[in-house]
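Novice: This is the structure, below, for whatever I ask next.
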Amino acid sequence: MVSHGWLADHAVAGVALLPGTAFVELALRAGDAVGCGRVEELTLEAPLVLPQDGAVSVQVHVDGPGESGRRTVSVYSQTDGDTWTRHALGTLADDAGDTARADADAGDDVPWPPADAEAVDVEGLYDRFARNGFGYGPTFQGLRAVWRRGEEVFAEVRLPEEQWAEARHLGVHPALLDAALHAMAFGGFVRLPGDVAPGGDTGRVRLPFSWNGVSLHATGASALRVRLAPAGPDAVSVTASDGSGRSVLSVDSLVTRAISREQLSREHGTFHESLFRLDWAPAPAVNGAGRPGRWAVLGDDDTTSLPTALKSAGAGAERFADLSALAESVTAGGSMPDLVFVPFEGQPGTVTDPDTVLSVDARRALSADGVRTVTHRALALAQQWQSDERFTGSRLVFVTRGAVAARAGERVLDPACATVWGLVRAAQSENPDRFVLLDLDDDEASLTALPRILSGDEPQLVVRAGRAFAARLARVQTTPNTAPATETPDTPVWDPQGTVLITGATGVLGSLVARHLVAEHGVRHLLLTSRRGGAAAGAAELADELTASGASVRLAACDVANRSALADLLASVPAEHPLT
Ligand SMILES: NC(=O)c1ccc[n+]([C@@H]2O[C@H](COP(=O)([O-])OP(=O)(O)OC[C@H]3O[C@@H](n4cnc5c(N)ncnc54)[C@H](OP(=O)(O)O)[C@@H]3O)[C@@H](O)[C@H]2O)c1
């Protein structure tokens with residue numbers, strides 16, 4: 001999309017797709033290179049979803065000639081080194097006959113617009129397309145005028161001027177040919193479901209599916225005169241000429257296929273970057289030798305070993321008891337350090353020794369109270385740091401150990417420190433450049449490397465044996481759906497005899513969940529609660545609706561923040577319909 005920005009102008013159901021006309025262009029070009037200029041047929045098997053970032057590799061494969069001289073052509077794509085996906089398969093043939101026919105057809109005296117054709121208003125067409133899921137950007141909004149004569153549709157299409165140079169390098173610019181197909185909207189070329197009026201929303205979008213007999217007679221056009229005519233069920237023939245009537249392209253038939261928007265979204269999910277995981281990639285090298293600036297460490301030496309460790313590693317830092325002491329020093333004329341380290345390892349509530357994870361002490365340290373204490377401390381520090389103008393321009397570095405499992409085989413050893421990461425990450429997204437998260441190991445090389453590592457501006461770093469790793473999003477690799485049938489059981493997950501308790505059931509989401517469980521999952525016993533219970537607006541109607549759908553519904557007033565009220569509610573669930 002960076003190299004071919006106009007591709008972003010072709011979005012269907014919110015998903016940027018390579019237009020079907022681009023597959024034709026690829027096949028025509030490949031055919032031209034092997035002396036088979038006619039695309040005898042080309043079937044589009046899977047949409048090619050374009051990622052917003054990164055590149056897609058495309059491969060056009062042409063087999064050797066068969067007995068008749070025809071060749072098989074296929075178009076594949078690959079994103080991020082993933083497996084190759086085939087999108088189109090077809091046959092190429094010699095186009096000698098077509099070229100001769102096109103030459104014979106060429107003529108300056110073809111009347112345009114055609115005699116007896118009736119002009120059609122195209123105003124608002126692209127708004128209508130957008131409402132039906134076709135997001136055509138400026139490059140693809142090329143339909144200028146349309147006429148109708150019986151079952152035929154005639155159209156004028158033109159590329160925006162900024163695409164003319166690109167068009168000169170192409171057989172036929174995909175956006176131009178795509179625009180020609182937009183005129184299909186003015187003919188009865190596709191059968192609509194009985195209950196949908198022409199132009200009505202079917203919840204589906206139509207995409208080119210199968211091209212037959214495509215021949216290109218002239219290249220590089222930036223405008224076309226087009227004739228569309230019926231060519232069988234859901235099929236249309238296309239002939240296109242330039243402004244002087246010279247033949248440019250002909251398509252014996254193009255069959256379109258309806259695809260549901262949900263299906264397209266699924267394709268999007270499968271091929272697109274919709275699911276990410278956190279990855280720890282080697283931190284980018286920092287230019288220069290690394291100038292760490294001035295450092296300070298908070299805390300007394302007897303509660304943290306960090307200042308001593310930094311000193312012995314050759315990276316000295318001033319020490320302050322806490323942020324208030326640092327602020328006072330700045331007020332008294334001291335300069336503000338560039339980085340202020342606050343050690344969290346070895347604090348009450350944190351665990352440092354992996355071997356003691358299961359010991360009594362460690363279990364005590366892992367208690368909820370311990371985690372809460374540590375998290376509150378981190379919160380107080382972040383708030384004080386953020387609210388005191390004396391700290392502006394400097395960064396507070398939360399130093400942890402065992403908070404992150406960043407390398408293969410690592411485990412999160414310190415849940416309290418992990419919680420600090422969670423909290424500070426949220427603070428970072430609201431206050432960029434104010435906080436750094438730094439998870440260290442015990443290797444002295446890690447301390448020695450800190451001046452170099454911390455002279456960059458990575459907000460989250462893990463240092464292991466002197467090497468820094470930075471947080472990056474990585475695409476979750478999609479795997480083909482090879483799960484055995486037993487993993488997607490037909491049996492309902494919800495026991496139809498069991499009761500489903502929904503808290504906040506009278507609200508927007510709760511009532512949606514209740515309806516969904518009854519309609520889609522066969523849930524038959526519902527306990528719906530909110531503080532107002534049956535007195536809440538819409539509660540009675542919801543219960544009536546669910547009851548009419550076959551569920552037995554009890555509305556209960558219960559404040560779930562009230563422990564004993566919640567216990568009473570749970571005790572009231574009948575034994576024959578236990579919670580499921
Ligand atoms: N709607 C969204 O698109 C959306 C998106 C993201 C997150 N959320 C979050 O999801 C939650 C539900 O959203 P919603 O749109 O369904 O909100 P809602 O329409 O305001 O419904 C909240 C429901 O919770 C009940 N409730 C509130 N406090 C309760 C308590 N202490 N004990 C028992 N019931 C209680 C309310 O009824 P009573 O007042 O009678 O107790 C009501 O039934 C909210 O936390 C919301 O912030 C919603």
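Starting from 1 in every chain, residues are counted up; chains themselves are A, B, ... following the order of the structure tokens, and ligands are numbered from 1 as listed.
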Give the residues close to ligand 1, within 7 Å, counting only C-alpha atoms and all ligand atoms; write them as a list in words.

Specialist: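 So the residues close to ligand 1 are Thr503, Gly504, Ala505, Thr506, Gly507, Val508, Leu509, Gly510, Thr529, Ser530, Arg531, Arg532, Gly533, Ala536, Cys558, Asp559, Val560 and Ala561 of chain A.
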
Novice: Got time to write the residues from that selection, N, CA and C atoms, as a compact mmCIF listing (two decimals), in the first residue's frame?

Specialist:
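As written to disk, out.txt reads:
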# COMPACT_ATOMS: atom_id res chain seq x y z
N THR A 503 -25.15 -11.11 35.90
CA THR A 503 -25.21 -9.89 36.71
C THR A 503 -25.27 -8.70 35.76
N GLY A 504 -25.97 -7.66 36.18
CA GLY A 504 -26.14 -6.51 35.28
C GLY A 504 -26.98 -6.88 34.08
N ALA A 505 -27.88 -7.85 34.28
CA ALA A 505 -28.61 -8.42 33.14
C ALA A 505 -29.62 -7.47 32.54
N THR A 506 -29.99 -6.42 33.27
CA THR A 506 -30.99 -5.51 32.72
C THR A 506 -30.34 -4.40 31.90
N GLY A 507 -29.02 -4.37 31.88
CA GLY A 507 -28.31 -3.34 31.12
C GLY A 507 -28.16 -3.74 29.66
N VAL A 508 -27.42 -2.93 28.94
CA VAL A 508 -27.27 -3.13 27.49
C VAL A 508 -26.61 -4.47 27.19
N LEU A 509 -25.43 -4.68 27.78
CA LEU A 509 -24.69 -5.90 27.45
C LEU A 509 -25.32 -7.13 28.07
N GLY A 510 -25.77 -6.99 29.33
CA GLY A 510 -26.36 -8.14 30.02
C GLY A 510 -27.56 -8.67 29.26
N THR A 529 -29.93 -10.61 37.26
CA THR A 529 -29.87 -9.74 38.43
C THR A 529 -29.36 -8.35 38.07
N SER A 530 -29.83 -7.43 38.88
CA SER A 530 -29.25 -6.08 38.93
C SER A 530 -29.72 -5.52 40.26
N ARG A 531 -29.21 -4.36 40.63
CA ARG A 531 -29.63 -3.86 41.94
C ARG A 531 -31.13 -3.62 41.98
N ARG A 532 -31.68 -3.15 40.85
CA ARG A 532 -33.13 -2.88 40.85
C ARG A 532 -33.95 -4.10 40.45
N GLY A 533 -33.30 -5.10 39.92
CA GLY A 533 -34.00 -6.33 39.54
C GLY A 533 -35.17 -6.04 38.61
N ALA A 536 -36.15 -2.52 37.23
CA ALA A 536 -35.33 -1.77 36.26
C ALA A 536 -36.10 -1.59 34.96
N CYS A 558 -30.29 -7.67 43.37
CA CYS A 558 -29.13 -8.04 44.20
C CYS A 558 -27.96 -7.13 43.84
N ASP A 559 -27.39 -6.53 44.88
CA ASP A 559 -26.18 -5.73 44.68
C ASP A 559 -24.99 -6.69 44.81
N VAL A 560 -24.31 -6.96 43.69
CA VAL A 560 -23.24 -7.96 43.74
C VAL A 560 -22.03 -7.48 44.52
N ALA A 561 -22.01 -6.20 44.86
CA ALA A 561 -20.92 -5.72 45.72
C ALA A 561 -21.20 -6.03 47.18

Novice: With DSSP run on the backbone, what are the strand (DSSP E) residues within stretch 68-265 of chain A? I'd like them as a VMD selection string.

Specialist: chain A and resid 71 to 79 85 to 93 118 to 120 134 to 136 143 to 149 152 to 158 204 to 216 223 to 230 235 to 241 247 to 260

Novice: Just how far from atom CA of A:Ser244 is atom CA of A:Gly20, in Å to one decimal?

Specialist: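 One can read the atom CA of A:Gly20 to atom CA of A:Ser244 distance as 27.0 Å.
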
Novice: With a distance cut-off of 12 Å and only C-alpha atoms, select the neighbouring residues of A:Arg472, excluding the residue or stretch itself and same-chain residues fewer than 3 positions from it, and output the selection as an MDAnalysis selection string.

Specialist: chainID A and resid 276:284 406 458:462 469 475

Novice: I need the residue nearest A:His4 from this list: A:Leu447, A:Ala309, A:Leu50, A:Ala30. Use only C-alpha atoms for the distance.

Specialist: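 Closest residue, counting only C-alpha atoms: A:Leu50.
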
Novice: Have a look at atom CA of A:Trp6 and atom CA of A:Leu176 and let me know their distance in Å, one decimal.

Specialist: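 Separating atom CA of A:Trp6 from atom CA of A:Leu176 is a distance of 11.6 Å.
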
Novice: Can you pull out every residue within 10 Å of stretch 164-166 of chain A, counting only C-alpha atoms, but drop anything in the same chain fewer than 2 positions away, and send it as a ChimeraX atom specification?

Specialist: /A:4,158-162,168-170,173,220-223

Novice: Leaving out stretch 337-340 of chain A and any residue of its chain fewer than 4 positions from it, which residues lie within 10 Å of it when counting only C-alpha atoms, given as number ranges by chain?

Specialist: A: 292-298, 317-320, 323, 326, 330, 391-398, 434-436, 454-455

Novice: Return as a tab-separated table (two decimals) with C-alpha atoms, in the first residue's frame the full set of residues in stretch 2-121 of chain A whose backbone-based DSSP assignment is helix (DSSP H, G or I).

Specialist:
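Contents of result_34.tsv, freshly written:
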chain	number	residue	atom	x	y	z
A	5	GLY	CA	-1.16	3.77	-2.53
A	6	TRP	CA	-4.17	3.60	-4.84
A	7	LEU	CA	-4.84	0.03	-3.72
A	8	ALA	CA	-6.12	1.46	-0.42
A	9	ASP	CA	-8.93	3.01	-2.48
A	20	GLY	CA	-10.37	-8.70	-9.16
A	21	THR	CA	-9.28	-6.62	-12.15
A	22	ALA	CA	-5.70	-6.63	-10.80
A	23	PHE	CA	-5.61	-10.43	-11.11
A	24	VAL	CA	-6.62	-10.04	-14.75
A	25	GLU	CA	-3.84	-7.50	-15.29
A	26	LEU	CA	-1.31	-9.87	-13.70
A	27	ALA	CA	-2.49	-12.77	-15.84
A	28	LEU	CA	-2.47	-10.67	-19.02
A	29	ARG	CA	1.06	-9.45	-18.35
A	30	ALA	CA	2.32	-12.94	-17.58
A	31	GLY	CA	0.59	-14.26	-20.71
A	32	ASP	CA	2.10	-11.51	-22.82
A	33	ALA	CA	5.57	-12.56	-21.69
A	96	ALA	CA	-3.87	-13.94	-32.57
A	97	GLY	CA	-7.50	-14.36	-33.63
A	98	ASP	CA	-8.72	-11.74	-31.17
A	99	THR	CA	-6.24	-9.16	-32.31
A	100	ALA	CA	-7.31	-9.58	-35.91
A	101	ARG	CA	-10.97	-9.25	-34.88
A	102	ALA	CA	-10.24	-6.16	-32.83
A	103	ASP	CA	-8.40	-4.57	-35.75
A	104	ALA	CA	-11.39	-5.24	-37.98
A	105	ASP	CA	-13.73	-3.75	-35.35

Novice: As an exercise, work out the distance from atom CA of A:Asp242 to atom CA of A:Pro111 in Å and give it to one decimal place.

Specialist: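 Separation between atom CA of A:Asp242 and atom CA of A:Pro111: 12.7 Å.
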
Novice: Write out as a PyMOL selection string the residues lying within 8 Å of A:Arg401, counting only C-alpha atoms and excluding same-chain residues fewer than 2 positions away.

Specialist: chain A and resi 344-345+352+399+403-404+414+417+439-441

Novice: Could you save the residues just selected, with N, CA and C atoms, as a PDB file, in the first residue's frame?

Specialist:
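Final output, saved to out08.pdb:
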ATOM      1  N   PHE A 344      12.125  -2.107  42.276  1.00  0.00           N
ATOM      2  CA  PHE A 344      10.997  -2.856  42.836  1.00  0.00           C
ATOM      3  C   PHE A 344      11.402  -4.271  43.199  1.00  0.00           C
ATOM      4  N   GLU A 345      12.570  -4.676  42.747  1.00  0.00           N
ATOM      5  CA  GLU A 345      12.988  -6.035  43.097  1.00  0.00           C
ATOM      6  C   GLU A 345      13.415  -6.048  44.558  1.00  0.00           C
ATOM      7  N   THR A 352      12.254 -12.654  44.506  1.00  0.00           N
ATOM      8  CA  THR A 352      13.427 -12.514  43.655  1.00  0.00           C
ATOM      9  C   THR A 352      14.088 -13.848  43.340  1.00  0.00           C
ATOM     10  N   VAL A 399      12.324  -0.519  38.051  1.00  0.00           N
ATOM     11  CA  VAL A 399      13.248  -1.643  37.851  1.00  0.00           C
ATOM     12  C   VAL A 399      12.672  -2.882  38.542  1.00  0.00           C
ATOM     13  N   ALA A 403       9.562 -10.032  36.370  1.00  0.00           N
ATOM     14  CA  ALA A 403       8.196  -9.562  36.103  1.00  0.00           C
ATOM     15  C   ALA A 403       7.705  -9.999  34.734  1.00  0.00           C
ATOM     16  N   VAL A 404       8.637 -10.389  33.857  1.00  0.00           N
ATOM     17  CA  VAL A 404       8.305 -10.652  32.465  1.00  0.00           C
ATOM     18  C   VAL A 404       8.956 -11.955  32.031  1.00  0.00           C
ATOM     19  N   ASP A 414       7.666 -13.162  39.550  1.00  0.00           N
ATOM     20  CA  ASP A 414       7.241 -12.225  40.570  1.00  0.00           C
ATOM     21  C   ASP A 414       5.923 -11.556  40.185  1.00  0.00           C
ATOM     22  N   CYS A 417       5.693  -7.757  40.841  1.00  0.00           N
ATOM     23  CA  CYS A 417       6.377  -6.921  39.850  1.00  0.00           C
ATOM     24  C   CYS A 417       5.632  -6.946  38.511  1.00  0.00           C
ATOM     25  N   ASP A 439      13.155  -4.651  33.158  1.00  0.00           N
ATOM     26  CA  ASP A 439      13.244  -5.914  33.892  1.00  0.00           C
ATOM     27  C   ASP A 439      14.649  -6.480  33.716  1.00  0.00           C
ATOM     28  N   LEU A 440      15.341  -6.681  34.825  1.00  0.00           N
ATOM     29  CA  LEU A 440      16.738  -7.117  34.788  1.00  0.00           C
ATOM     30  C   LEU A 440      16.879  -8.566  35.226  1.00  0.00           C
ATOM     31  N   ASP A 441      17.997  -9.161  34.875  1.00  0.00           N
ATOM     32  CA  ASP A 441      18.364 -10.452  35.460  1.00  0.00           C
ATOM     33  C   ASP A 441      19.529 -10.197  36.430  1.00  0.00           C
TER      34      ASP A 441
END

Novice: Write out as a list in words the residues lying within 8 Å of stretch 376-378 of chain A, counting only C-alpha atoms and excluding same-chain residues fewer than 5 positions away.

Specialist: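 With the cut-off at 8 Å, the set is Val420, Leu423 and Val424 of chain A.
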
Novice: Based on the selection just made, write all heavy atoms of those residues as a PDB file, in the first residue's frame.

Specialist:
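Final output, saved to selection.pdb:
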ATOM      1  N   VAL A 420       3.090  -4.422  38.588  1.00  0.00           N
ATOM      2  CA  VAL A 420       3.657  -3.081  38.380  1.00  0.00           C
ATOM      3  C   VAL A 420       3.762  -2.815  36.874  1.00  0.00           C
ATOM      4  O   VAL A 420       3.416  -1.736  36.392  1.00  0.00           O
ATOM      5  CB  VAL A 420       5.050  -2.970  39.051  1.00  0.00           C
ATOM      6  CG1 VAL A 420       5.740  -1.662  38.652  1.00  0.00           C
ATOM      7  CG2 VAL A 420       4.915  -3.073  40.560  1.00  0.00           C
ATOM      8  N   LEU A 423       0.326  -1.943  35.508  1.00  0.00           N
ATOM      9  CA  LEU A 423      -0.090  -0.599  35.905  1.00  0.00           C
ATOM     10  C   LEU A 423       0.677   0.473  35.127  1.00  0.00           C
ATOM     11  O   LEU A 423       0.094   1.421  34.572  1.00  0.00           O
ATOM     12  CB  LEU A 423       0.152  -0.425  37.411  1.00  0.00           C
ATOM     13  CG  LEU A 423      -0.184   0.946  37.956  1.00  0.00           C
ATOM     14  CD1 LEU A 423      -1.654   1.014  38.315  1.00  0.00           C
ATOM     15  CD2 LEU A 423       0.666   1.271  39.169  1.00  0.00           C
ATOM     16  N   VAL A 424       1.991   0.300  35.061  1.00  0.00           N
ATOM     17  CA  VAL A 424       2.808   1.338  34.435  1.00  0.00           C
ATOM     18  C   VAL A 424       2.596   1.370  32.919  1.00  0.00           C
ATOM     19  O   VAL A 424       2.657   2.427  32.293  1.00  0.00           O
ATOM     20  CB  VAL A 424       4.298   1.167  34.818  1.00  0.00           C
ATOM     21  CG1 VAL A 424       5.181   2.163  34.074  1.00  0.00           C
ATOM     22  CG2 VAL A 424       4.468   1.327  36.319  1.00  0.00           C
TER      23      VAL A 424
END

Novice: Looking at only C-alpha atoms, which of A:Ala548, A:Leu501, A:Val286, A:Ala449 is the one that sits closest to A:Val573?

Specialist: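 Nearest to A:Val573: A:Leu501.
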